[in-house]
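S.K.: Sharing a structure, written as structure tokens. Questions coming.
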Amino acid sequence: MEQAKISPEELKKRLEIDVLPRVRKPGRYSGGELNAEIPRLDAVRVALCFPEVYEIGMSNHGFLLLYHMINSIGSYSCERSFAPWIDMEEALRKENLPLYTLESFTPLSQFDVVGFSLSYEMTYSNVITMLDLGGIPLCSRDRNEEHPLVIAGGGCVVNPEPLAEFIDVFVVGEGEEVLKEILHLVNNGKKWRWKKAVLLKELSHIEGLYIPVMCETAKDERGRYYVSESHGMKLPVRRRYVDDLSKSFFPEKCVLPSVEAVHDRVNIELFRGCARGCRYCQAGMIYRPRRERSPELLAGAAKKMCENMGCEEVSLLSLNATDYKGMGPLLDSLLEFTTPARVSISMPSTRVDSFSQDVAEKLRRVRTTGLTIAPEAGTQRMRNVINKQITDSDIEKAVRASFSAGYKKVKLYFMIGLPGETMEDVAGIAELVRRLENIAREYKGRAKGKTDFTLSIANFVPKPHTPFQWEPMDSVQTLREKQNFLRDSLRGKNIKLDFHDLEKSRLEAVFSRGDRRLGLVLAAAWQKGVRMDGWSDMFDAQKWKEAFEETGINPEEYAEMGFREGGPLPWGHISIGVYENYLRMEKLRATREETTRDCVVGQCTGCGLDCRKYGK
Amino acid sequence: MENDDRITFEVIFARLWEARFISHLDLMRGIARGMRRSGLPIYFSEGFNPKPKISYCTQPLSIGHTSQCERIQIHLHGDKFDNVDIDEVREALGGSMMPGLRIMNFRLITPGEKKKGQGDSYEYACFKKPSRSGESARDAGAVDVDVTKVLEKLSWKMESVSTAIDGIVANSDDDGGAGFIKENFETAAIIVIQTGEGWVRPDEAARAIPDFSEPGDTLYLHRKIENVGNV
């Protein structure tokens, strides 16, 4: 978008008079929150962008962590920007005003670095919106010395190719250490007036950075692109991660959203990584090794954050909180101050095999919230295939424990379309839920109220860097049949079914395993008006279909067709540290319906990350 | 006063320009969190979902407007009424309020005092957004309002509600002297709205003032006084 240069003061005035009074939830765009950092205009300035609305972005722990971390370093200043909702985008375009940061109302184009946090493929169209509204040319090659360095990090970067045309530098892995190294070089570049090419060259020496313009692509037998060679950059790009989590940055307070965020609470990260080895789970592979923080450190930090923020809930973040070794002492220390202050404790993810009645009772000391468990599949055979090592009796035991502890609502996560799934496995989901319903009836009188099950039934999306990365995805038609089957077999007033959108899941599969050509599709779809694809009411499958047709790219090549084992992969130049041989072995074991034990309790599975170093 | 160990304070606070885009529910949440941060001995509500006990007394203010007379009642634990250091409590609460809120008045509700419920009338200053041409607000001067005409225009509502427009102010200097309105506005008017049956939204009433605004113009309201007749 062509915009006239505008000063932050003028922009703020125009927004307050002409724009904000006319849009929904103007608090999303007005800034001024408690604990927001004060921008330093003479520092290296970073605009940290979250390509979703304010309420979602402000719920992202990693985003806020990096925001406060960068600001804790004297010579750098970091500000936040979020994707505007449709009405705000229209208003900005109508008034010819740029997208800006909430701290100083500075247009994105006036920053030294613009960084995107990518945690979901369906936010890619919002990245384009933000660049365009920010007054930054969309394609990396169209940007010059005057434009900011555009970087991106987050979970999606393990396959950066669909966004390779739009981003200058991808940060693969955890940002805490590598961001400091990037900003140090940007600072030098600013001081010595480096050309952008020089800056990129210098950045290419930092491990964990992928710079698409320095790489060449080739085609595989189906015409899909993969990165074949580089000019002066070491391939594969190795993922960076923090060695010692207890020494990494931990904020004492986080900015408090002025509009209620989806997860509006104090977040305490117990540990990173998970060694359970569920074969469908990308997070379980790409955040290894497993590294824990001590209960003392966490309890102290939680207390400080509660005092500084005044939140009514503390959330214990991790990939499966009940696996945390110091859970007992941590809960005891937390309860000492949370009980009198009426602050509740929640766990966003728990595993049924490590969930105990003791933990359930401690969690509901202040207020009873819902409980979520994830059996993922309905039959033991299927759970063996995906290596979800829980049994029917584990699930039943956990449901009993939660009902006897007073919980009234249980949320269950399942997936359909898993590799090797048959209709018997789908029917197994319905059977399991019926059994759990019978258990709920036993406790109904005791819990004094209705017992409810909410079933979230996701469509399996094969993800890069997992043992299922080569697998074809079920067709939309097959998944629809499975959804209809479950809809018919699970009728009842106590059961709420929540199915994921089929076309959206398929597009997610396309972009998570997509190559560089998808940049064309993304640009074409964005021109047609796709926005906020993560929102079911905003997702427009027809526009995406047209964009694929116009660019002559067949989405089936990335979703339903799958990839050949041993062949080149669009994400093959990114090494997350897990050996490909390990993934292949796991795939083989899946076809044999064999499980692999968690290496934290069992022997080393040889995934490639030396967990022993981290005390397992 | 309650027969339990709680003491009640009445807080009158201003909602400044910075806080005008926060919704009423978000404001309530923000005040509750401010109380938690203050370290005061909060009196929590009973039940499954305990929350700091706060009663909001004034009419909820629409998004985009400011006020200097928002009134709430907060409840703290305290068994000895006479020992309460009001200044200390005010300081603790004032220091932990969210940005854009400022305590204007703070007092302890004495035992036996009749609690003042929701206000019966409100006085608003209405401001029209500055002209695009950049014309200075002060140059534009005041607009004469024929009150009779306004009332005629509002007549369809007049049967059930008493809405009176009692004057006009010259410019935006009349903002209570506390920086509530940062922008210069072309014109301003004062309206008084009675609460009760058939509540008229103050911005609706302001729009009915002849020659004050064009359809689609943005109006800013600043709530000046609660219980107009009692002041």
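Order determines the names: the first chain of the structure tokens is A, the second B, and so forth; residues in each chain are numbered 1 upward, and ligands are numbered 1 upward as they are shown.
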Among stretch 249-404 of chain A, which ones does DSSP assign to strand (DSSP E or B) (computed from the backbone)? Answer as a list in words.

M.R.: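 DSSP on the backbone gives strand (DSSP E or B) at Val266, Asn267, Ile268, Glu269, Phe271, Arg272, Arg291, Glu292, Glu313, Val314, Ser315, Leu316, Leu317, Ser344, Ile345, Ser346, Leu371, Thr372, Ile373, Ala374, Pro375 and Glu376 of chain A.
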
S.K.: Could you write out as a ChimeraX atom specification the residues of chain B within 8 Å of chain A, counting only C-alpha atoms?

M.R.: /B:18,21-23,26,30,33-37,39,48-51,64,98-99,129,218

S.K.: Would you mind exporting N, CA, C and O atoms of the selected residues as an mmCIF file, in the first residue's frame?

M.R.:
data_model
loop_
_atom_site.group_PDB
_atom_site.id
_atom_site.type_symbol
_atom_site.label_atom_id
_atom_site.label_comp_id
_atom_site.auth_asym_id
_atom_site.auth_seq_id
_atom_site.Cartn_x
_atom_site.Cartn_y
_atom_site.Cartn_z
ATOM 1 N N GLU B 18 -7.012 8.445 27.936
ATOM 2 C CA GLU B 18 -6.241 7.226 27.645
ATOM 3 C C GLU B 18 -7.067 5.964 27.837
ATOM 4 O O GLU B 18 -6.779 4.932 27.254
ATOM 5 N N PHE B 21 -11.172 3.909 25.401
ATOM 6 C CA PHE B 21 -11.509 2.841 24.454
ATOM 7 C C PHE B 21 -11.673 1.480 25.137
ATOM 8 O O PHE B 21 -11.739 0.454 24.481
ATOM 9 N N ILE B 22 -11.686 1.496 26.459
ATOM 10 C CA ILE B 22 -11.844 0.225 27.180
ATOM 11 C C ILE B 22 -13.325 -0.007 27.456
ATOM 12 O O ILE B 22 -14.025 0.896 27.905
ATOM 13 N N SER B 23 -13.794 -1.221 27.200
ATOM 14 C CA SER B 23 -15.210 -1.506 27.413
ATOM 15 C C SER B 23 -15.517 -1.589 28.908
ATOM 16 O O SER B 23 -14.617 -1.709 29.731
ATOM 17 N N ASP B 26 -14.213 -4.808 30.511
ATOM 18 C CA ASP B 26 -12.758 -4.801 30.654
ATOM 19 C C ASP B 26 -12.328 -3.836 31.767
ATOM 20 O O ASP B 26 -11.359 -4.086 32.475
ATOM 21 N N GLY B 30 -10.260 -4.710 35.004
ATOM 22 C CA GLY B 30 -9.057 -3.925 35.293
ATOM 23 C C GLY B 30 -9.074 -3.396 36.724
ATOM 24 O O GLY B 30 -8.038 -3.385 37.402
ATOM 25 N N ARG B 33 -8.352 -6.242 39.125
ATOM 26 C CA ARG B 33 -6.929 -6.587 39.124
ATOM 27 C C ARG B 33 -6.113 -5.514 39.844
ATOM 28 O O ARG B 33 -5.131 -5.827 40.514
ATOM 29 N N GLY B 34 -6.539 -4.268 39.692
ATOM 30 C CA GLY B 34 -5.868 -3.177 40.407
ATOM 31 C C GLY B 34 -5.965 -3.407 41.906
ATOM 32 O O GLY B 34 -5.009 -3.222 42.650
ATOM 33 N N MET B 35 -7.140 -3.848 42.370
ATOM 34 C CA MET B 35 -7.319 -4.128 43.800
ATOM 35 C C MET B 35 -6.407 -5.264 44.240
ATOM 36 O O MET B 35 -5.801 -5.210 45.305
ATOM 37 N N ARG B 36 -6.290 -6.278 43.391
ATOM 38 C CA ARG B 36 -5.406 -7.395 43.733
ATOM 39 C C ARG B 36 -3.954 -6.909 43.834
ATOM 40 O O ARG B 36 -3.219 -7.325 44.710
ATOM 41 N N ARG B 37 -3.554 -6.043 42.912
ATOM 42 C CA ARG B 37 -2.159 -5.548 42.932
ATOM 43 C C ARG B 37 -1.898 -4.662 44.136
ATOM 44 O O ARG B 37 -0.777 -4.549 44.584
ATOM 45 N N GLY B 39 -2.534 -4.986 47.171
ATOM 46 C CA GLY B 39 -2.142 -5.673 48.404
ATOM 47 C C GLY B 39 -3.107 -5.411 49.547
ATOM 48 O O GLY B 39 -2.845 -5.792 50.685
ATOM 49 N N PHE B 48 -18.462 -20.404 43.988
ATOM 50 C CA PHE B 48 -17.495 -21.209 43.249
ATOM 51 C C PHE B 48 -16.428 -20.371 42.556
ATOM 52 O O PHE B 48 -15.377 -20.865 42.213
ATOM 53 N N ASN B 49 -16.735 -19.112 42.305
ATOM 54 C CA ASN B 49 -15.810 -18.284 41.540
ATOM 55 C C ASN B 49 -15.562 -16.973 42.286
ATOM 56 O O ASN B 49 -16.095 -15.937 41.933
ATOM 57 N N PRO B 50 -14.762 -17.040 43.369
ATOM 58 C CA PRO B 50 -14.596 -15.842 44.195
ATOM 59 C C PRO B 50 -13.916 -14.689 43.454
ATOM 60 O O PRO B 50 -12.929 -14.898 42.761
ATOM 61 N N LYS B 51 -14.476 -13.505 43.584
ATOM 62 C CA LYS B 51 -13.935 -12.309 42.932
ATOM 63 C C LYS B 51 -13.933 -11.167 43.938
ATOM 64 O O LYS B 51 -14.769 -11.169 44.846
ATOM 65 N N GLY B 64 -15.384 4.981 24.157
ATOM 66 C CA GLY B 64 -15.005 6.192 23.428
ATOM 67 C C GLY B 64 -15.238 7.467 24.223
ATOM 68 O O GLY B 64 -14.873 8.536 23.771
ATOM 69 N N MET B 98 -5.280 0.910 36.860
ATOM 70 C CA MET B 98 -4.802 0.781 35.489
ATOM 71 C C MET B 98 -4.595 2.170 34.868
ATOM 72 O O MET B 98 -5.185 3.142 35.323
ATOM 73 N N PRO B 99 -3.723 2.253 33.841
ATOM 74 C CA PRO B 99 -3.467 3.559 33.238
ATOM 75 C C PRO B 99 -4.764 4.185 32.727
ATOM 76 O O PRO B 99 -5.620 3.496 32.184
ATOM 77 N N LYS B 129 -16.083 16.339 16.691
ATOM 78 C CA LYS B 129 -14.688 16.191 16.264
ATOM 79 C C LYS B 129 -14.232 17.427 15.481
ATOM 80 O O LYS B 129 -15.040 18.103 14.853
ATOM 81 N N THR B 218 -18.337 11.993 14.380
ATOM 82 C CA THR B 218 -18.033 11.346 15.647
ATOM 83 C C THR B 218 -18.216 12.354 16.775
ATOM 84 O O THR B 218 -17.708 13.464 16.703
#

S.K.: Would you mind listing, for every residue of stretch 501-538 of chain A within 12 Å of stretch 416-430 of chain A, the two atoms forming the shortest contact and the distance between them in Å to one decimal, using only C-alpha atoms, sorted by chain and ascending residue number, as CSV?

M.R.:
residue,atom,partner,partner_atom,distance
A:Leu502,CA,A:Gly417,CA,11.0
A:Ser505,CA,A:Gly417,CA,11.0
A:Arg506,CA,A:Gly417,CA,11.4

S.K.: With N, CA and C atoms retained, write the just-selected residues as a compact mmCIF listing (two decimals), in the first residue's frame.

M.R.:
# COMPACT_ATOMS: atom_id res chain seq x y z
N LEU A 502 -13.08 -28.97 7.43
CA LEU A 502 -12.31 -29.89 6.59
C LEU A 502 -11.40 -29.16 5.60
N SER A 505 -8.47 -27.60 7.40
CA SER A 505 -7.44 -28.58 7.78
C SER A 505 -6.59 -28.95 6.57
N ARG A 506 -7.26 -29.07 5.43
CA ARG A 506 -6.52 -29.46 4.23
C ARG A 506 -5.54 -28.35 3.83

S.K.: Please identify all polymer residues within 7 Å of A:Ala47, counting only C-alpha atoms, omitting same-chain residues fewer than 6 positions from it, and present them as a list in words.

M.R.: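 Within the cut-off, the hits are Cys78, Glu79, Arg80, Ser81, Thr101, Leu108, Phe111, Val113, Val114 and Gly115 of chain A.
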
S.K.: Using DSSP on the backbone coordinates, identify all residues within stretch 342-528 of chain A classified as helix (DSSP H, G or I); present the result as a PyMOL selection string.

M.R.: chain A and resi 352-354+357-363+380-385+392-404+423-447+476-489+502-512+518-528

S.K.: Using only C-alpha atoms, which residue out of A:His68, A:Arg45, A:Ser230, A:Lys219 lies closest to A:His184?

M.R.: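 Among A:His68, A:Arg45, A:Ser230, A:Lys219, it is A:Arg45 that comes nearest to A:His184.
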